[in-house]
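Next up, run-v2.txt (compact mmCIF, C-alpha atoms and all ligand atoms):
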```
# COMPACT_ATOMS: atom_id res chain seq x y z
CA MET A 270 0.00 0.00 0.00
CA SER A 271 1.39 3.44 -0.90
CA THR A 272 1.97 5.86 1.92
CA LEU A 273 2.75 9.55 2.04
CA VAL A 274 4.57 11.60 4.63
CA ILE A 275 4.37 15.39 4.71
CA ARG A 276 6.85 17.23 6.91
CA SER A 277 6.63 20.85 7.96
CA ARG A 278 8.29 23.12 10.52
CA ARG A 279 4.91 24.78 11.03
CA VAL A 280 2.02 22.32 11.35
CA ALA A 281 -1.21 23.97 12.55
CA PHE A 282 -2.71 21.71 15.19
CA ALA A 283 -5.81 22.74 17.10
CA ASP A 284 -3.70 23.63 20.14
CA GLY A 285 -0.74 25.29 18.49
CA VAL A 286 1.80 25.38 15.68
CA ARG A 287 4.82 23.06 15.84
CA GLU A 288 7.04 20.99 13.56
CA ALA A 289 5.90 17.49 12.73
CA ALA A 290 5.70 14.74 10.12
CA VAL A 291 2.22 13.61 9.12
CA LEU A 292 1.91 10.06 7.81
CA VAL A 293 -0.96 9.36 5.42
CA ARG A 294 -2.16 5.84 4.70
CA ASP A 295 -5.39 4.75 3.04
CA ASN A 296 -6.77 8.34 2.69
CA ARG A 297 -6.39 9.07 6.39
CA ILE A 298 -3.84 10.47 8.80
CA ALA A 299 -2.24 7.33 10.22
CA ASP A 300 0.44 8.81 12.45
CA ILE A 301 1.96 12.08 13.60
CA ALA A 302 5.66 11.94 14.38
CA GLY A 303 8.67 14.18 14.87
CA TYR A 304 9.75 16.32 11.93
CA GLY A 305 12.74 14.15 11.09
CA ALA A 306 11.21 10.76 11.89
CA GLN A 307 12.04 7.85 9.58
CA LEU A 308 8.62 6.65 8.45
CA GLY A 309 9.53 4.65 5.33
CA ALA A 310 6.73 6.18 3.26
CA THR A 311 6.43 5.66 -0.49
CA THR A 312 6.39 9.43 -1.01
CA ASP A 313 8.14 11.92 1.25
CA VAL A 314 7.30 15.62 0.98
CA ASP A 315 9.32 18.13 3.01
CA LEU A 316 7.61 21.52 3.12
CA GLY A 317 10.30 23.03 5.33
CA GLU A 318 9.12 26.47 6.49
CA LEU A 319 5.86 26.25 4.52
CA ALA A 320 2.98 25.70 6.94
CA LEU A 321 0.73 22.64 6.89
CA LEU A 322 -2.92 23.36 7.69
CA PRO A 323 -5.96 21.13 7.92
CA GLY A 324 -8.11 21.58 4.81
CA LEU A 325 -10.66 24.33 5.38
CA VAL A 326 -14.31 23.43 5.92
CA ASP A 327 -16.53 26.18 4.56
CA THR A 328 -20.04 25.65 5.89
CA HIS A 329 -21.53 28.67 4.12
CA VAL A 330 -21.39 28.40 0.34
CA HIS A 331 -24.15 29.23 -2.13
CA VAL A 332 -23.45 27.01 -5.12
CA ASN A 333 -26.80 27.87 -6.79
CA GLU A 334 -26.92 24.72 -8.95
CA PRO A 335 -29.29 23.42 -10.22
CA GLY A 336 -31.35 26.29 -11.51
CA ARG A 337 -29.06 29.30 -11.16
CA THR A 338 -25.91 27.74 -12.55
CA ASP A 339 -25.29 30.96 -14.47
CA TRP A 340 -24.58 32.48 -11.02
CA GLU A 341 -22.28 29.66 -9.84
CA GLY A 342 -22.12 25.87 -10.10
CA PHE A 343 -20.55 22.84 -8.45
CA ALA A 344 -17.68 22.55 -10.96
CA THR A 345 -16.61 26.19 -10.68
CA ALA A 346 -17.27 26.62 -6.95
CA THR A 347 -15.40 23.46 -5.95
CA ARG A 348 -12.43 24.29 -8.19
CA ALA A 349 -12.24 27.72 -6.55
CA ALA A 350 -12.50 26.00 -3.17
CA ALA A 351 -9.65 23.61 -4.00
CA ALA A 352 -7.44 26.46 -5.15
CA GLY A 353 -8.18 28.29 -1.90
CA GLY A 354 -7.37 25.38 0.42
CA VAL A 355 -11.02 24.59 1.15
CA THR A 356 -11.42 20.79 1.00
CA THR A 357 -15.04 20.57 2.18
CA ILE A 358 -17.95 22.90 1.44
CA CYS A 359 -21.51 22.80 2.75
CA ASP A 360 -23.96 24.07 0.18
CA MET A 361 -26.78 26.39 1.21
CA PRO A 362 -30.40 25.42 0.46
CA LEU A 363 -30.87 28.57 -1.64
CA ASN A 364 -30.46 30.06 -4.30
CA SER A 365 -30.75 26.86 -6.32
CA VAL A 366 -33.95 25.94 -8.15
CA PRO A 367 -35.54 24.08 -6.53
CA VAL A 368 -34.54 25.28 -3.06
CA THR A 369 -33.51 22.38 -0.81
CA THR A 370 -36.66 22.28 1.31
CA THR A 371 -37.91 18.82 0.29
CA VAL A 372 -36.32 15.40 -0.04
CA SER A 373 -36.99 15.40 -3.77
CA ALA A 374 -35.22 18.75 -4.14
CA LEU A 375 -32.23 17.33 -2.23
CA ARG A 376 -32.18 14.39 -4.65
CA GLU A 377 -32.11 16.81 -7.58
CA LYS A 378 -29.23 18.69 -6.01
CA ILE A 379 -27.23 15.52 -5.34
CA ALA A 380 -27.76 14.47 -8.96
CA ALA A 381 -26.58 17.88 -10.15
CA ALA A 382 -23.45 17.76 -7.99
CA ALA A 383 -22.47 14.17 -8.69
CA GLY A 384 -19.25 13.66 -10.58
CA GLN A 385 -18.23 17.28 -10.91
CA CYS A 386 -16.90 18.27 -7.47
CA ALA A 387 -13.20 18.92 -6.92
CA VAL A 388 -13.64 18.88 -3.13
CA ASP A 389 -16.03 17.16 -0.73
CA VAL A 390 -19.54 18.62 -0.54
CA ALA A 391 -22.28 18.35 2.07
CA PHE A 392 -25.73 19.95 2.04
CA TRP A 393 -27.85 22.10 4.32
CA GLY A 394 -31.61 21.64 4.16
CA GLY A 395 -33.98 24.59 4.31
CA ALA A 396 -36.68 25.31 6.91
CA VAL A 397 -39.49 27.41 5.44
CA PRO A 398 -43.14 27.93 6.37
CA GLY A 399 -45.07 24.76 5.60
CA ASN A 400 -42.22 22.24 5.24
CA LEU A 401 -42.14 20.98 8.84
CA GLY A 402 -43.16 17.56 7.55
CA GLU A 403 -40.06 17.38 5.35
CA LEU A 404 -37.45 17.99 8.06
CA ALA A 405 -37.22 14.39 9.33
CA GLY A 406 -36.96 13.04 5.80
CA LEU A 407 -34.25 15.53 4.87
CA LEU A 408 -32.29 14.59 7.99
CA GLU A 409 -32.58 10.92 7.19
CA ALA A 410 -31.49 11.65 3.63
CA GLY A 411 -28.29 13.21 5.01
CA VAL A 412 -28.45 17.00 5.29
CA VAL A 413 -26.05 18.41 7.90
CA GLY A 414 -28.67 20.69 9.47
CA PHE A 415 -31.17 23.38 8.49
CA LYS A 416 -31.00 26.99 7.41
CA CYS A 417 -33.78 29.49 7.91
CA PHE A 418 -34.32 33.22 7.51
CA LEU A 419 -36.11 35.62 9.82
CA ILE A 420 -36.26 38.26 7.07
CA ASP A 421 -36.94 38.24 3.32
CA SER A 422 -34.25 36.07 1.68
CA GLY A 423 -34.50 37.81 -1.69
CA ILE A 424 -35.79 34.52 -3.15
CA PRO A 425 -39.61 34.23 -3.05
CA GLU A 426 -39.56 30.42 -2.85
CA PHE A 427 -37.50 30.59 0.35
CA PRO A 428 -39.67 32.70 2.68
CA PRO A 429 -38.73 33.53 6.29
CA LEU A 430 -40.03 31.80 9.41
CA SER A 431 -42.13 33.71 11.92
CA ARG A 432 -41.07 33.57 15.60
CA ALA A 433 -43.65 30.86 16.23
CA GLU A 434 -42.57 28.85 13.19
CA LEU A 435 -38.93 29.11 14.27
CA ARG A 436 -39.79 27.60 17.64
CA THR A 437 -41.86 24.83 16.11
CA ALA A 438 -39.10 23.90 13.66
CA MET A 439 -36.41 24.01 16.35
CA LYS A 440 -38.54 21.87 18.64
CA ALA A 441 -38.70 19.30 15.84
CA LEU A 442 -34.88 19.32 15.58
CA ALA A 443 -34.03 19.33 19.29
CA GLU A 444 -33.76 15.59 19.72
CA SER A 445 -31.53 15.10 16.67
CA GLY A 446 -28.97 17.64 17.91
CA VAL A 447 -28.51 19.11 14.42
CA PRO A 448 -28.22 22.88 14.29
CA MET A 449 -30.74 25.37 12.99
CA ILE A 450 -28.57 28.00 11.33
CA VAL A 451 -30.28 31.36 11.15
CA HIS A 452 -30.00 34.45 8.99
CA ALA A 453 -30.65 36.82 11.86
CA GLU A 454 -32.01 40.22 10.85
CA ASP A 455 -35.33 41.43 12.24
CA PRO A 456 -37.54 42.88 9.49
CA ALA A 457 -39.18 45.24 12.00
CA GLU A 458 -35.85 47.07 12.38
CA VAL A 459 -34.94 47.18 8.67
CA HIS A 460 -36.24 49.97 6.41
CA SER A 461 -35.85 51.17 2.83
CA PRO A 462 -32.60 53.05 2.20
CA THR A 463 -33.08 56.82 1.89
CA GLY A 464 -30.72 57.02 -1.11
CA PRO A 465 -28.61 54.99 -3.54
CA GLY A 466 -25.29 55.30 -1.67
CA TYR A 467 -23.50 52.97 0.72
CA ASP A 468 -24.07 54.91 3.96
CA ALA A 469 -27.83 54.90 3.35
CA PHE A 470 -27.71 51.16 2.75
CA VAL A 471 -25.82 50.49 6.01
CA ALA A 472 -28.23 52.74 7.91
CA SER A 473 -31.19 50.79 6.52
CA ARG A 474 -29.97 47.55 8.17
CA PRO A 475 -28.76 48.75 11.59
CA PRO A 476 -27.08 46.63 14.29
CA VAL A 477 -30.33 46.56 16.25
CA SER A 478 -31.90 44.47 13.48
CA GLU A 479 -29.32 41.76 14.11
CA ARG A 480 -29.63 42.10 17.88
CA ARG A 481 -33.44 41.75 17.91
CA ALA A 482 -33.27 38.71 15.63
CA ILE A 483 -30.58 37.06 17.77
CA GLU A 484 -32.77 37.66 20.83
CA THR A 485 -35.49 35.74 18.99
CA VAL A 486 -33.08 32.88 18.26
CA VAL A 487 -31.77 32.78 21.83
CA GLY A 488 -35.35 32.61 23.07
CA ALA A 489 -36.16 29.74 20.72
CA ALA A 490 -33.00 27.83 21.65
CA ALA A 491 -33.68 28.28 25.35
CA ALA A 492 -37.31 27.18 25.01
CA THR A 493 -36.67 24.14 22.81
CA GLY A 494 -33.18 22.94 23.77
CA ALA A 495 -32.28 22.81 20.08
CA ARG A 496 -28.88 23.89 18.84
CA ALA A 497 -28.79 27.26 17.05
CA HIS A 498 -26.12 28.96 15.01
CA ILE A 499 -26.03 32.57 13.81
CA VAL A 500 -24.75 32.91 10.26
CA HIS A 501 -22.72 35.88 9.01
CA LEU A 502 -22.71 38.01 12.17
CA SER A 503 -21.87 41.58 11.20
CA ALA A 504 -22.95 43.71 14.18
CA ALA A 505 -20.27 43.27 16.84
CA GLU A 506 -22.51 44.69 19.56
CA CYS A 507 -24.32 41.32 19.49
CA ALA A 508 -21.24 39.64 20.95
CA ALA A 509 -22.39 40.53 24.47
CA LEU A 510 -25.74 38.86 23.90
CA ILE A 511 -24.19 35.76 22.32
CA GLY A 512 -21.58 35.48 25.07
CA ALA A 513 -24.26 35.78 27.75
CA ALA A 514 -26.43 33.11 26.10
CA LYS A 515 -23.47 30.73 25.90
CA ALA A 516 -22.57 31.39 29.52
CA ALA A 517 -26.14 30.51 30.44
CA GLY A 518 -25.68 27.11 28.80
CA ILE A 519 -27.74 27.77 25.68
CA ALA A 520 -26.55 25.79 22.66
CA LEU A 521 -25.65 28.77 20.50
CA SER A 522 -22.73 29.47 18.19
CA ALA A 523 -21.93 32.17 15.67
CA GLU A 524 -19.91 32.75 12.55
CA THR A 525 -18.61 35.84 10.85
CA CYS A 526 -17.12 36.14 7.36
CA PRO A 527 -13.78 37.26 5.92
CA HIS A 528 -15.30 40.42 4.43
CA TYR A 529 -16.60 41.68 7.79
CA LEU A 530 -13.11 41.17 9.24
CA PHE A 531 -11.28 42.70 6.29
CA PHE A 532 -13.27 45.67 4.96
CA ALA A 533 -14.90 48.66 6.63
CA ALA A 534 -17.77 50.81 5.38
CA GLU A 535 -15.53 53.90 5.31
CA GLU A 536 -13.50 52.39 2.46
CA VAL A 537 -16.37 51.35 0.15
CA PRO A 538 -15.93 53.46 -2.99
CA ALA A 539 -19.03 55.24 -4.30
CA GLY A 540 -21.11 53.04 -6.59
CA HIS A 541 -19.06 49.89 -5.99
CA THR A 542 -21.90 47.47 -5.42
CA GLU A 543 -19.54 44.48 -5.36
CA PHE A 544 -19.23 45.42 -1.66
CA LYS A 545 -22.94 44.83 -1.03
CA CYS A 546 -23.97 41.98 1.24
CA CYS A 547 -26.64 41.48 3.91
CA PRO A 548 -26.15 42.23 6.73
CA PRO A 549 -23.82 44.99 5.50
CA LEU A 550 -20.12 45.63 6.01
CA ARG A 551 -20.11 48.08 8.91
CA TYR A 552 -17.66 50.75 10.10
CA ALA A 553 -14.07 50.29 11.25
CA ALA A 554 -14.86 50.44 14.97
CA ASN A 555 -17.31 47.57 14.50
CA ARG A 556 -14.68 45.55 12.62
CA GLU A 557 -12.29 46.06 15.53
CA ALA A 558 -14.94 44.75 17.94
CA LEU A 559 -15.60 41.72 15.72
CA TRP A 560 -11.93 40.79 15.93
CA ARG A 561 -12.08 41.06 19.72
CA ALA A 562 -15.15 38.81 19.83
CA LEU A 563 -13.36 36.27 17.64
CA ALA A 564 -10.24 36.35 19.81
CA ALA A 565 -12.45 35.81 22.87
CA ASP A 566 -14.17 32.78 21.25
CA VAL A 567 -17.57 34.48 21.42
CA ILE A 568 -17.60 34.18 17.63
CA ASP A 569 -16.72 30.56 16.89
CA CYS A 570 -15.81 30.44 13.24
CA VAL A 571 -15.13 32.25 9.98
CA VAL A 572 -16.76 30.98 6.78
CA SER A 573 -17.13 32.64 3.42
CA ASP A 574 -20.85 33.16 2.71
CA HIS A 575 -19.64 32.80 -0.89
CA SER A 576 -22.70 34.15 -2.70
CA PRO A 577 -22.11 35.04 -6.33
CA CYS A 578 -24.59 36.24 -8.91
CA THR A 579 -24.31 37.37 -12.51
CA PRO A 580 -22.47 40.69 -12.96
CA ALA A 581 -25.67 42.21 -14.41
CA LEU A 582 -27.49 41.68 -11.09
CA LYS A 583 -24.81 43.69 -9.29
CA ASP A 584 -26.14 46.72 -11.19
CA LEU A 585 -22.67 48.23 -11.55
CA ASP A 586 -23.82 50.67 -14.23
CA SER A 587 -26.12 52.49 -11.83
CA GLY A 588 -24.04 51.71 -8.73
CA ASP A 589 -27.28 51.80 -6.76
CA PHE A 590 -27.01 49.88 -3.49
CA ARG A 591 -30.80 49.72 -3.25
CA THR A 592 -31.21 47.55 -6.34
CA ALA A 593 -27.95 45.57 -6.57
CA TRP A 594 -28.02 41.91 -5.54
CA GLY A 595 -26.29 41.36 -2.19
CA GLY A 596 -23.52 38.79 -1.93
CA ILE A 597 -19.72 38.56 -1.94
CA ALA A 598 -17.81 35.75 -3.63
CA SER A 599 -14.64 34.89 -1.73
CA LEU A 600 -14.36 31.11 -1.52
CA GLN A 601 -10.87 31.08 -3.04
CA ILE A 602 -9.38 33.94 -1.02
CA GLY A 603 -10.99 33.68 2.41
CA LEU A 604 -7.91 32.07 3.96
CA PRO A 605 -5.39 34.75 2.90
CA ALA A 606 -7.92 37.54 3.60
CA VAL A 607 -8.33 36.37 7.19
CA TRP A 608 -4.63 35.56 7.64
CA THR A 609 -3.57 39.00 6.34
CA VAL A 610 -5.31 40.69 9.27
CA ALA A 611 -4.92 37.89 11.84
CA ARG A 612 -1.12 37.80 11.61
CA ARG A 613 -0.96 41.58 11.96
CA ARG A 614 -2.96 41.19 15.16
CA GLY A 615 -0.58 38.53 16.54
CA MET A 616 -2.94 35.59 16.02
CA SER A 617 -1.50 32.24 14.90
CA LEU A 618 -2.25 29.75 12.16
CA ALA A 619 -3.65 27.49 14.89
CA ASP A 620 -6.31 30.15 15.55
CA VAL A 621 -7.12 30.32 11.84
CA ALA A 622 -7.35 26.52 11.66
CA ARG A 623 -9.73 26.51 14.62
CA TRP A 624 -11.99 29.18 13.06
CA MET A 625 -11.93 27.93 9.47
CA SER A 626 -11.53 24.15 9.82
CA LEU A 627 -12.16 22.65 13.24
CA PHE A 628 -15.29 24.48 14.35
CA PRO A 629 -17.09 24.42 10.98
CA ALA A 630 -16.44 20.65 10.76
CA SER A 631 -18.08 20.13 14.15
CA LEU A 632 -21.00 22.41 13.21
CA ALA A 633 -21.69 20.27 10.16
CA GLY A 634 -21.19 17.01 12.04
CA LEU A 635 -18.17 15.90 10.01
CA PRO A 636 -15.85 14.34 12.63
CA ALA A 637 -13.22 13.16 10.12
CA LYS A 638 -12.74 16.71 8.85
CA GLY A 639 -11.19 19.92 10.12
CA GLN A 640 -8.06 18.88 11.99
CA ILE A 641 -4.67 17.29 11.68
CA ALA A 642 -5.20 14.33 13.98
CA VAL A 643 -4.76 10.56 13.71
CA GLY A 644 -7.81 8.96 12.11
CA CYS A 645 -8.98 12.10 10.32
CA ASP A 646 -9.21 12.39 6.54
CA ALA A 647 -5.88 13.53 5.10
CA ASP A 648 -7.27 16.85 3.86
CA LEU A 649 -4.17 19.03 4.03
CA VAL A 650 -2.97 22.39 2.76
CA ALA A 651 0.58 23.59 2.25
CA PHE A 652 0.43 27.32 2.92
CA ASP A 653 3.12 29.95 2.60
CA PRO A 654 2.22 32.37 5.41
CA ASP A 655 4.82 34.93 4.34
CA ALA A 656 4.12 35.22 0.61
CA SER A 657 1.89 38.00 -0.65
CA PHE A 658 -0.03 38.49 -3.86
CA GLU A 659 -2.40 40.92 -5.50
CA VAL A 660 -5.96 39.71 -6.05
CA ARG A 661 -7.12 39.72 -9.67
CA GLY A 662 -10.72 38.61 -10.01
CA ALA A 663 -10.12 37.39 -13.54
CA GLU A 664 -7.65 34.81 -12.17
CA LEU A 665 -10.09 33.36 -9.63
CA LEU A 666 -11.81 30.10 -10.54
CA HIS A 667 -15.38 30.80 -9.47
CA ARG A 668 -17.74 31.64 -12.29
CA HIS A 669 -17.70 35.46 -12.21
CA PRO A 670 -14.59 37.54 -11.61
CA LEU A 671 -16.25 40.40 -9.72
CA THR A 672 -14.80 40.78 -6.22
CA PRO A 673 -14.39 43.60 -3.69
CA TYR A 674 -10.87 42.26 -3.08
CA GLU A 675 -9.81 43.31 -6.60
CA GLY A 676 -6.34 44.85 -6.49
CA ARG A 677 -5.88 44.21 -2.75
CA THR A 678 -2.59 42.72 -1.60
CA LEU A 679 -3.12 39.68 0.62
CA THR A 680 -0.60 37.76 2.70
CA GLY A 681 -0.48 33.98 2.53
CA ARG A 682 -0.55 31.74 -0.48
CA VAL A 683 -1.99 28.25 -0.85
CA ALA A 684 0.81 26.18 -2.40
CA ARG A 685 -0.50 22.58 -2.51
CA VAL A 686 -3.70 20.83 -1.46
CA TRP A 687 -4.40 17.18 -0.65
CA LEU A 688 -7.90 15.71 -0.48
CA ARG A 689 -8.00 12.40 1.40
CA GLY A 690 -4.28 12.00 0.76
CA ALA A 691 -4.30 12.68 -3.00
CA GLU A 692 -2.96 15.94 -4.32
CA VAL A 693 -5.66 18.09 -5.91
CA SER A 694 -5.11 20.24 -8.93
CA PRO A 695 -7.95 22.49 -10.09
CA ASP A 696 -7.73 21.00 -13.58
CA GLY A 697 -7.50 17.39 -12.43
CA GLU A 698 -10.18 14.72 -12.33
CA PRO A 699 -12.86 15.79 -9.79
CA ARG A 700 -12.45 13.49 -6.77
CA GLY A 701 -14.79 15.17 -4.30
CA ARG A 702 -17.32 13.03 -2.48
CA LEU A 703 -20.83 14.02 -1.47
CA LEU A 704 -21.13 13.68 2.29
CA ARG A 705 -23.94 13.19 4.78
CA ARG A 706 -23.93 14.38 8.40
CA GLY A 707 -21.59 12.00 10.22
CA GLY A 708 -19.28 11.82 7.22
CA GLY A 709 -20.55 8.86 5.15
CA GLU A 710 -21.42 9.25 1.51
CA ILE A 711 -24.82 10.66 0.61
CA GLY A 712 -26.79 9.63 -2.40
ZN ZN B 1 -25.48 33.13 2.76
```
Turn this file's structure into structure tokens for me.
Amino acid sequence: MSTLVIRSRRVAFADGVREAAVLVRDNRIADIAGYGAQLGATTDVDLGELALLPGLVDTHVHVNEPGRTDWEGFATATRAAAAGGVTTICDMPLNSVPVTTTVSALREKIAAAAGQCAVDVAFWGGAVPGNLGELAGLLEAGVVGFKCFLIDSGIPEFPPLSRAELRTAMKALAESGVPMIVHAEDPAEVHSPTGPGYDAFVASRPPVSERRAIETVVGAAAATGARAHIVHLSAAECAALIGAAKAAGIALSAETCPHYLFFAAEEVPAGHTEFKCCPPLRYAANREALWRALAADVIDCVVSDHSPCTPALKDLDSGDFRTAWGGIASLQIGLPAVWTVARRRGMSLADVARWMSLFPASLAGLPAKGQIAVGCDADLVAFDPDASFEVRGAELLHRHPLTPYEGRTLTGRVARVWLRGAEVSPDGEPRGRLLRRGGGEIG
């Protein structure tokens, strides 16, 4: 049987960075030894000062196939993921057609994904008004959990849950232990922007809209005992509420996204709607507070919310933030975007691996993913933490080149990627598997 050893002076384990040799046998990590250990492997790779990270697990990706494959698809999204060091993605139940709110829709999605994924893919189901009867079937079919909105999703076939519906759905999930992941903005606190510009857009979706919605989620989690997770937290003032809920023993977690940690509203150029997402990028003081919440483990993870659309929907000609589609595509550059700021703040690659690999893997119930540990899948990334490069959207592998990172210099470059022990190249044969919660194959 062929074996592989990868050596690095900087291996990012969950508890710190140190030198090691990682032995891979039969797709999995079979042993972890000293950097210079004689392991007699068929192939021996010495990365030297290049870091070795666990493959990233991105639990927030809108692939949009089937149905909106002109926005993004499994082939393009997973190639971008592979190039960015993301070895597992979890696909959101919207904006595909159909949305993943029934077992038959999940079957259609699995059929669409089959055979064209460069990395492993798992699926979220959707909780919408009226599909309570589908949740058990979707779980049995292998979704990793459920996504719901508390505000208009932008997609009519994926309407939001009311407070009462949220509680009912979470009650139905409590016993299974799978998370309800919630887009938390309260429509009662959101209003129409007073003008086309960015400041008016930010003002229309204020921090209080996130806070009120998170209060609703905390209440539902406390009442039902179900696990809840806040997606794409933008308003840092909510950290106090989330921290207090956790301290009270409520099963709550939260993610933020690279763009909230990287950009600030002050630097959004007029008319540049590629910066639009919901909830919005807020001001620099908020970004500072988000980093503090992350460092304090109040925010648990960082995932992309990769949400592309066609360039036409971004309405760049008018530059009107009222009408442009919201969503930022960053699957391929999330790791360097986060590392660029994290290293400046004195955080380590072990922190990044915890936020972008370990926690997301546990959220999605994928125990063989997300860490460099014996028995785990050999999903590994060679990463040069000192190299820098300038982002050019046209060179990224997702379907549309538009990105707010255009022209930005980022630190950290993905050098090589292994998926279950085999080196991945974006142009190679797609070897990704479709996974169910627990880690077995779905389908
Ligand atoms: Zn999203």
Residue among A:Gly353, A:Thr493, A:Val686, A:Arg668 lying closest to Ile275 in chain A, counting only C-alpha atoms: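 Under the stated criterion, the closest residue is A:Val686.
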Point-to-point distance from CA of Ala306 in chain A to CA of Leu322 in chain A, Å rounded to tenths: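 That distance, rounded to one decimal, is 19.4 Å.
Using all atoms listed in the file, the shortest contact distance between Ala581 in chain A and any of A:Arg705, A:His669, A:Lys378, A:Asp566 is found at A:His669.
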Within 8 Å of Pro465 in chain A using all atoms listed in the file, minus same-chain residues under 3 positions, as a ChimeraX atom specification: /A:462,469-470,588-591
May I have the selected residues written with C-alpha atoms, as a PDB file, in the coordinates of the input?
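File result-v3.pdb, as written:
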```pdb
ATOM      1  CA  PRO A 462     -32.600  53.050   2.200  1.00  0.00           C
ATOM      2  CA  ALA A 469     -27.830  54.900   3.350  1.00  0.00           C
ATOM      3  CA  PHE A 470     -27.710  51.160   2.750  1.00  0.00           C
ATOM      4  CA  GLY A 588     -24.040  51.710  -8.730  1.00  0.00           C
ATOM      5  CA  ASP A 589     -27.280  51.800  -6.760  1.00  0.00           C
ATOM      6  CA  PHE A 590     -27.010  49.880  -3.490  1.00  0.00           C
ATOM      7  CA  ARG A 591     -30.800  49.720  -3.250  1.00  0.00           C
TER       8      ARG A 591
END
```
Could you make a table, as a tab-separated table, of the residues of range 343-363 of chain A that have an atom within 12 Å of an atom of range 592-599 of chain A, each with its nearest atom pair and distance in Å to one decimal, counting only C-alpha atoms, in chain and number order?
```
residue	atom	partner	partner_atom	distance
A:Thr345	CA	A:Ala598	CA	11.9
A:Ala346	CA	A:Ala598	CA	9.7
A:Ala349	CA	A:Ser599	CA	9.0
A:Ala350	CA	A:Ser599	CA	9.3
A:Ala352	CA	A:Ser599	CA	11.6
A:Gly353	CA	A:Ser599	CA	9.2
A:Val355	CA	A:Ser599	CA	11.3
```
Pull the closest atom pair for each residue of chain A that gets at most 8 Å from ligand ZN 1 (chain B), along with the distance in Å to one decimal, counting only C-alpha atoms and all ligand atoms, ordering rows by chain and then ascending residue number, as CSV.
```
residue,atom,partner,partner_atom,distance
A:His329,CA,B:ZN1,ZN,6.1
A:Val330,CA,B:ZN1,ZN,6.7
A:His331,CA,B:ZN1,ZN,6.4
A:Met361,CA,B:ZN1,ZN,7.0
A:His452,CA,B:ZN1,ZN,7.8
A:Val500,CA,B:ZN1,ZN,7.5
A:His501,CA,B:ZN1,ZN,7.4
A:Asp574,CA,B:ZN1,ZN,4.6
A:His575,CA,B:ZN1,ZN,6.9
A:Ser576,CA,B:ZN1,ZN,6.2
A:Gly596,CA,B:ZN1,ZN,7.6
```
Quick one: residues within 9 Å of range 429-442 of chain A, all atoms listed in the file, excluding same-chain residues fewer than 2 positions away - as an mmCIF file with C-alpha atoms, in the coordinates of the input?
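Contents of out21.cif, freshly written:
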```cif
data_model
loop_
_atom_site.group_PDB
_atom_site.id
_atom_site.type_symbol
_atom_site.label_atom_id
_atom_site.label_comp_id
_atom_site.auth_asym_id
_atom_site.auth_seq_id
_atom_site.Cartn_x
_atom_site.Cartn_y
_atom_site.Cartn_z
ATOM 1 C CA ALA A 396 -36.680 25.310 6.910
ATOM 2 C CA VAL A 397 -39.490 27.410 5.440
ATOM 3 C CA PRO A 398 -43.140 27.930 6.370
ATOM 4 C CA GLY A 399 -45.070 24.760 5.600
ATOM 5 C CA LEU A 401 -42.140 20.980 8.840
ATOM 6 C CA LEU A 404 -37.450 17.990 8.060
ATOM 7 C CA ALA A 405 -37.220 14.390 9.330
ATOM 8 C CA GLY A 414 -28.670 20.690 9.470
ATOM 9 C CA PHE A 415 -31.170 23.380 8.490
ATOM 10 C CA CYS A 417 -33.780 29.490 7.910
ATOM 11 C CA PHE A 418 -34.320 33.220 7.510
ATOM 12 C CA LEU A 419 -36.110 35.620 9.820
ATOM 13 C CA ILE A 420 -36.260 38.260 7.070
ATOM 14 C CA ASP A 421 -36.940 38.240 3.320
ATOM 15 C CA SER A 422 -34.250 36.070 1.680
ATOM 16 C CA PHE A 427 -37.500 30.590 0.350
ATOM 17 C CA GLU A 444 -33.760 15.590 19.720
ATOM 18 C CA SER A 445 -31.530 15.100 16.670
ATOM 19 C CA GLY A 446 -28.970 17.640 17.910
ATOM 20 C CA VAL A 447 -28.510 19.110 14.420
ATOM 21 C CA PRO A 448 -28.220 22.880 14.290
ATOM 22 C CA MET A 449 -30.740 25.370 12.990
ATOM 23 C CA THR A 485 -35.490 35.740 18.990
ATOM 24 C CA VAL A 486 -33.080 32.880 18.260
ATOM 25 C CA GLY A 488 -35.350 32.610 23.070
ATOM 26 C CA ALA A 489 -36.160 29.740 20.720
ATOM 27 C CA ALA A 490 -33.000 27.830 21.650
ATOM 28 C CA ALA A 492 -37.310 27.180 25.010
ATOM 29 C CA THR A 493 -36.670 24.140 22.810
ATOM 30 C CA GLY A 494 -33.180 22.940 23.770
ATOM 31 C CA ALA A 495 -32.280 22.810 20.080
ATOM 32 C CA ARG A 496 -28.880 23.890 18.840
ATOM 33 C CA ALA A 497 -28.790 27.260 17.050
#
```
Expected answer as a VMD selection string: all residues with atoms within 8 Å of (-6.9, 25.6, 6.8), only C-alpha atoms: chain A and resid 322 to 326 354 to 355 604 621 to 622 625 to 626 639 649 to 650
Write the residues of the preceding selection, restricted to C-alpha atoms, as a tab-separated table (two decimals), in the frame of the given file.
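The resulting part.tsv:
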```tsv
chain	number	residue	atom	x	y	z
A	322	LEU	CA	-2.92	23.36	7.69
A	323	PRO	CA	-5.96	21.13	7.92
A	324	GLY	CA	-8.11	21.58	4.81
A	325	LEU	CA	-10.66	24.33	5.38
A	326	VAL	CA	-14.31	23.43	5.92
A	354	GLY	CA	-7.37	25.38	0.42
A	355	VAL	CA	-11.02	24.59	1.15
A	604	LEU	CA	-7.91	32.07	3.96
A	621	VAL	CA	-7.12	30.32	11.84
A	622	ALA	CA	-7.35	26.52	11.66
A	625	MET	CA	-11.93	27.93	9.47
A	626	SER	CA	-11.53	24.15	9.82
A	639	GLY	CA	-11.19	19.92	10.12
A	649	LEU	CA	-4.17	19.03	4.03
A	650	VAL	CA	-2.97	22.39	2.76
```
